[in-house]
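One structure below.
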Amino acid sequence: MLRLVQLRLQNFGPYKGDQVIDFPHDDGVTIVYGENMRGKTSLLNAIRYALFGKLLGRGSNLIPLHQTGNWEAAADGRFGFKVILAFEHDGHQYELTRICAPRPGVSKPESDADYAEEALLRKDKNVLGPGERDDELARIMPEQVSRFFLFDGELLQQYEELLRNESEMGQQIAQAIERILGIPILTNARRDLRELHKAAQKQESKAAQKDLQTRELGNHLADLTEQRAHQEKELARLEAAVAQAREKKAALEGAMRKSERLGALLSERDRLAKENGELDEKIAAKRDRLKEVLANSWHGMLSAKLNEHRRAVATKTQELEARAKDATIAATLLDQKTVALKERVCPVCRQDVSSEAGAALVAEVGAPNAADQAILDQDELLELRKEMAILAGLDPRDDTDLIRELIVTMEDAVVERATKLDRIAEIEDQIKGVDQSTFYAQKSEYEALIRDITILEGGIKPQRQKGLEIDESIAEIEKRLRKVGGVEMEKERQRSDLYGKLHSLFSDAVAEYRERLRKRVEADATSLFVKLTSEPDYKGLAINESYGLSIMHKDGHEIPLRSAGAEHVVALSLMGALQKNAPLRGPIIMDSPLQRLDDTHTRNVVKALPHMAQQVALLVYESELKPQFARELLLGKLRAEYHMIRRSARHTEIEKGIGSAA
């Protein structure tokens with residue numbers, strides 16, 4: 001087991017000069033108190049830098065070396081920094097020193113290229129060589145599993161990815177969990193046996209080629225083994241490419257999380273610009289409609305006069321139409337009377353016209369002719385009908401409400417557009433001077449990686465299917481060879497069968513061991529979760545294939561939505577379960593692990609800390625965990641307290657003792 005003994009810093013981050021934290025040898029909890037921007041995360045980074053030579057910021061982005069040295073020391077002309085970590089492991093004493101100093105000849109470094117790094121590892125006072133040093137550190141604390149020992153409370157959302165089997169982050173965390181649980185030992189053995197089995201099959205094909213009876217089958221087997229070698233090589237290439245692309249994607253996700261605020265602002269700006277374009281179209285359409293309505297709005301204002309005039313024209317038209325009808329009848333009668341005088345016979349009844357009747361007809365025919373008046377009436381009637389047609393096209397309806405609605409809608413759209421423009425201006429002011437091109441480049445690269453991963457994964461499935469088909473063909477050839485093979489063939493066949501059975505055995509063992517581990521992790525995480533949670537209706541946790549833990553209600557149903565506090569408790573339960581089941585054990589260093597928890601959950605978590613690992617260190621601020629509160633809960637398991645004391649904005653000192661930070 002890895003146990004920390006001492007951490008010594010020299011001009012590292014905000015820690016000016018030499019600063020020391022001694023970790024008690026007895027099992028228990030060490031608490032380091034510090035307000036925001038005093039250096040809690042820098043302490044976590046110092047341990048990470050000592051073990052792995054890396055400095056990580058928010059979003060798992062690398063921090064430049066040039067930005068890590070103490071600012072005040074640099075202002076005094078002292079550049080660079082040093083970290084010394086003393087620890088114990090398997091009965092041996094270690095002292096690991098990492099130094100970052102300006103390169104020879106560089107008086108004032110301006111970038112990482114101006115610095116040189118050195119690493120020195122002593123084991124029981126013996127200095128190890130570079131290769132020995134790296135192998136020893138990788139054995140003691142593999143970087144891939146460090147997330148379960150150096151724990152940043154602000155990255156808890158990553159553990160939610162474990163519930164989504166398809167996510168890259170979830171797969172990476174699941175792989176790290178299996179590594180800490182020791183599964184790679186079995187999978188490596190399975191892989192080695194697979195290689196031995198393939199070599200034995202190759203030898204079997206060579207033996208078959210020597211025998212005349214089996215030469216054809218041997219050649220076929222050799223071809224198949226060659227095909228399988230190419231297929232496995234291509235499959236390995238595709239899987240490596242997918243893994244590399246996923247790693248890049250995860251790194252980009254981390255970088256994009258760091259600029260998440262910028263991304264949100266840019267997305268909001270683009271959305272508002274698009275919505276304003278739609279508002280412009282809406283305003284233009286309403287304006288055109290208003291012009292159209294206003295063009296005929298005077299009709300409604302004159303509706304009373306128009307209706308009165310329309311009625312007068314209609315009456316006059318009716319009168320003229322009646323007079324025209326009478327004139328037509330009169331003209332017809334006149335024609336008949338004229339015929340009767342001329343022929344002296346009535347054209348209607350065909351009776352003779354008497355002298356007296358003729359005299360009367362002469363008087364009527366000689367009266368003034370109405371034809372001329374009828375012509376005048378027809379001309380006037382035509383004009384009146386034209387006027388009626390014009391009047392019919394004049395809509396006398398009142399469009400006041402429609403006009404009012406159009407104006408109000410336009411005004412609302414104009415106000416909304418102005419509001420959005422104001423917000424766009426605010427966003428532009430907030431992102432002024434920010435390199436937007438980098439964000440868009442990352443976004444473009446991220447989308448390209450997603451496409452690449454999709455294409456590569458599309459190629460993996462047929463390659464695996466091809467491998468299965470080749471294996472089936474090889475098995476069939478081997479079956480036929482057993483029937484006709486000689487002594488030499490039998491020996492090679494037995495060797496191939498042995499390795500094949502061993503490979504199958506280890507494959508089954510991996511599956512069985514993985515399932516047992518998952519169940520143990522589930523049981524231990526549930527046991528710890530029940531102690532941590534304040535909800536009595538929660539029965540425990542259920543684990544999925546990716547080691548993701550779901551909260552289960554006492555009625556047997558899963559809790560679908562979890563709060564940030566619940567995620568904290570679940571993640572802490574997982575960490576405790578991994579510590580209990582892992583062959584690799586070490587201290588847990590937690591940075592701000594309680595900030596999302598209420599008082600009840602904080603109480604439960606603090607009381608459970610001594611059961612999560614033999615050595616626990618908390619980096620917290622006092623409002624997150626009151627010193628007196630922690631002392632009452634931990635009692636004899638609180639081994640040491642440290643406080644980060646502010647000397648200036650760029651100068652923090654670490655003091656051991658009891659009491660609040662100054």
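Every chain in the structure tokens takes a letter, A first, then B, and so on in the order presented; its residues are numbered from 1, and the ligands are numbered from 1 following the presented order.
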
(message) For Thr214 of chain A, find every residue with an atom within 9 Å (counting only C-alpha atoms), except residues of its own chain fewer than 6 positions away, and show them as a ChimeraX atom specification.
(response) /A:207-208,481,484-485

(request) Quick one: everything within 9 Å of Ala116 of chain A, counting only C-alpha atoms, minus sequence neighbours fewer than 3 positions away in the same chain. Send it as number ranges by chain. (result) A: 99-104, 112-113

Export N, CA and C atoms of the chosen residues as a compact mmCIF listing (two decimals), in the first residue's frame?
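Listing of result24.txt after writing:
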```txt
# COMPACT_ATOMS: atom_id res chain seq x y z
N ILE A 99 12.19 18.72 -10.08
CA ILE A 99 12.66 20.11 -10.13
C ILE A 99 12.40 20.67 -11.52
N CYS A 100 11.84 21.86 -11.56
CA CYS A 100 11.65 22.58 -12.82
C CYS A 100 12.42 23.91 -12.69
N ALA A 101 13.49 24.06 -13.47
CA ALA A 101 14.35 25.24 -13.34
C ALA A 101 14.70 25.78 -14.73
N PRO A 102 15.05 27.07 -14.82
CA PRO A 102 15.43 27.63 -16.12
C PRO A 102 16.63 26.87 -16.71
N ARG A 103 16.63 26.73 -18.00
CA ARG A 103 17.76 26.09 -18.68
C ARG A 103 19.02 26.93 -18.51
N PRO A 104 20.17 26.30 -18.56
CA PRO A 104 21.42 27.06 -18.46
C PRO A 104 21.48 28.16 -19.53
N ASP A 112 7.65 27.52 -21.72
CA ASP A 112 8.04 26.20 -21.22
C ASP A 112 9.37 25.75 -21.82
N ALA A 113 9.65 26.19 -23.04
CA ALA A 113 10.89 25.79 -23.70
C ALA A 113 12.12 26.31 -22.96
```

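Those residues that approach Asp288 of chain A to within 12 Å, counting only C-alpha atoms, are Glu281, Lys282, Ile283, Ala284, Glu292, Val293, Leu294, Ala295, Ile403, Leu406, Ile407 and Met410 of chain A; same-chain residues fewer than 4 positions away are not listed.
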
Atoms to include: C-alpha atoms. Write the selected residues as an mmCIF file, in the first residue's frame.
```cif
data_model
loop_
_atom_site.group_PDB
_atom_site.id
_atom_site.type_symbol
_atom_site.label_atom_id
_atom_site.label_comp_id
_atom_site.auth_asym_id
_atom_site.auth_seq_id
_atom_site.Cartn_x
_atom_site.Cartn_y
_atom_site.Cartn_z
ATOM 1 C CA GLU A 281 -38.750 38.980 -41.969
ATOM 2 C CA LYS A 282 -41.796 39.130 -39.702
ATOM 3 C CA ILE A 283 -41.606 42.926 -39.378
ATOM 4 C CA ALA A 284 -41.215 43.349 -43.158
ATOM 5 C CA GLU A 292 -51.928 47.095 -48.234
ATOM 6 C CA VAL A 293 -54.649 47.627 -45.630
ATOM 7 C CA LEU A 294 -53.966 51.373 -45.323
ATOM 8 C CA ALA A 295 -54.203 51.750 -49.120
ATOM 9 C CA ILE A 403 -54.703 48.056 -38.467
ATOM 10 C CA LEU A 406 -50.756 44.945 -37.218
ATOM 11 C CA ILE A 407 -49.231 48.020 -35.584
ATOM 12 C CA MET A 410 -44.919 45.244 -35.416
#
```

(message) Measuring between only C-alpha atoms, which one of A:Asn219, A:Ala577, A:Arg603, A:Asp537 shows the shortest distance to Glu558 of chain A?
(response) A:Asp537

(message) I need the residues of segment 439-612 of chain A that end up classed as strand (DSSP E) by DSSP on the backbone, written out as a PyMOL selection string.
(response) chain A and resi 538-543+549-553+588-591

Could you save the residues just selected, with C-alpha atoms, as a PDB file, in the first residue's frame?
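Output saved as again33.pdb:
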```
ATOM      1  CA  TYR A 538     -33.222   4.422  -0.950  1.00  0.00           C
ATOM      2  CA  LYS A 539     -32.485   0.704  -0.812  1.00  0.00           C
ATOM      3  CA  GLY A 540     -29.000   0.808  -2.314  1.00  0.00           C
ATOM      4  CA  LEU A 541     -27.092   0.849  -5.601  1.00  0.00           C
ATOM      5  CA  ALA A 542     -27.207  -1.296  -8.726  1.00  0.00           C
ATOM      6  CA  ILE A 543     -24.133  -1.633 -10.947  1.00  0.00           C
ATOM      7  CA  LEU A 549     -24.077   2.886 -10.100  1.00  0.00           C
ATOM      8  CA  SER A 550     -27.812   3.602 -10.132  1.00  0.00           C
ATOM      9  CA  ILE A 551     -29.775   4.474  -7.014  1.00  0.00           C
ATOM     10  CA  MET A 552     -32.538   1.957  -6.268  1.00  0.00           C
ATOM     11  CA  HIS A 553     -35.746   2.760  -4.408  1.00  0.00           C
ATOM     12  CA  ILE A 588      -7.378   9.405  -1.094  1.00  0.00           C
ATOM     13  CA  ILE A 589      -6.735  13.131  -1.546  1.00  0.00           C
ATOM     14  CA  MET A 590     -10.012  15.022  -2.044  1.00  0.00           C
ATOM     15  CA  ASP A 591     -10.265  18.594  -3.306  1.00  0.00           C
TER      16      ASP A 591
END
```

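Atom pair atom CA of Lys607 of chain A / atom CA of Leu572 of chain A: separated by 12.6 Å.
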
(request) May I ask which of the residues A:Met644, A:Ala236, A:Leu502, A:Ala357 is the closest one to Gly459 of chain A, counting only C-alpha atoms? (result)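 Of A:Met644, A:Ala236, A:Leu502, A:Ala357, the one nearest Gly459 of chain A is A:Ala236, counting only C-alpha atoms.
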
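Going from atom CA of Arg482 of chain A over to atom CA of Asp192 of chain A, you cover 25.2 Å.
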
(request) For segment 240-242 of chain A, list every protein, DNA or RNA residue within 10 Å, evaluated using only C-alpha atoms, and leave out those in the same chain fewer than 2 positions away; present the list as a ChimeraX atom specification. (result) /A:234-238,244-248,449,452-457,460

(request) Determine the nearest neighbour of Leu51 of chain A from the options A:Asp280, A:Glu136, A:Asp26, A:Asp114, counting only C-alpha atoms. (result)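 Residue with the minimum atom-to-atom distance to Leu51 of chain A: A:Glu136.
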
(message) Could you list, as a PyMOL selection string, every residue within 9 Å of Pro14 of chain A, counting only C-alpha atoms and ignoring same-chain residues fewer than 5 positions away?
(response) chain A and resi 37-39+42+68-72+649-653

(request) Please identify all polymer residues within 9 Å of Gln615 of chain A, counting only C-alpha atoms, omitting same-chain residues fewer than 2 positions from it, and present them as a ChimeraX atom specification. (result) /A:3-4,23-30,586-589,610,612-613,617

Write to file, as a compact mmCIF listing (two decimals), in the first residue's frame, the residues of the selection just made, with C-alpha atoms.
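Resulting contents of again_32.txt:
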```txt
# COMPACT_ATOMS: atom_id res chain seq x y z
CA ARG A 3 1.22 5.88 2.21
CA LEU A 4 2.24 9.55 2.02
CA PHE A 23 1.14 13.24 6.93
CA PRO A 24 0.61 11.31 10.19
CA HIS A 25 1.62 7.65 10.14
CA ASP A 26 -1.53 6.48 11.93
CA ASP A 27 -4.64 5.69 9.90
CA GLY A 28 -7.08 8.56 9.75
CA VAL A 29 -7.89 11.92 8.19
CA THR A 30 -5.79 15.02 7.55
CA GLY A 586 -3.29 4.15 -1.50
CA PRO A 587 -4.35 7.44 0.06
CA ILE A 588 -7.38 9.40 -1.09
CA ILE A 589 -6.73 13.13 -1.55
CA PRO A 610 -11.94 6.81 7.85
CA MET A 612 -12.97 4.72 2.74
CA ALA A 613 -9.17 4.42 2.95
CA ALA A 617 -6.65 14.05 3.13
```

(message) Rounded to one decimal, what separation in Å do you get between atom CA of Gln10 of chain A and atom CA of Pro142 of chain A?
(response) 25.3 Å

(message) as a list in words, please: the residues near segment 621-630 of chain A (cut-off 7 Å, only C-alpha atoms, same-chain neighbours under 4 positions excluded).
(response)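 The filter keeps Tyr33, Gly34, Glu35, Leu594, Gln595 and Leu634 of chain A.
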
(request) Identify which of the residues A:Arg631, A:Asp152, A:Leu609, A:Tyr49 lies closest to Pro593 of chain A, counting only C-alpha atoms when measuring atom-to-atom distances. (result) A:Asp152
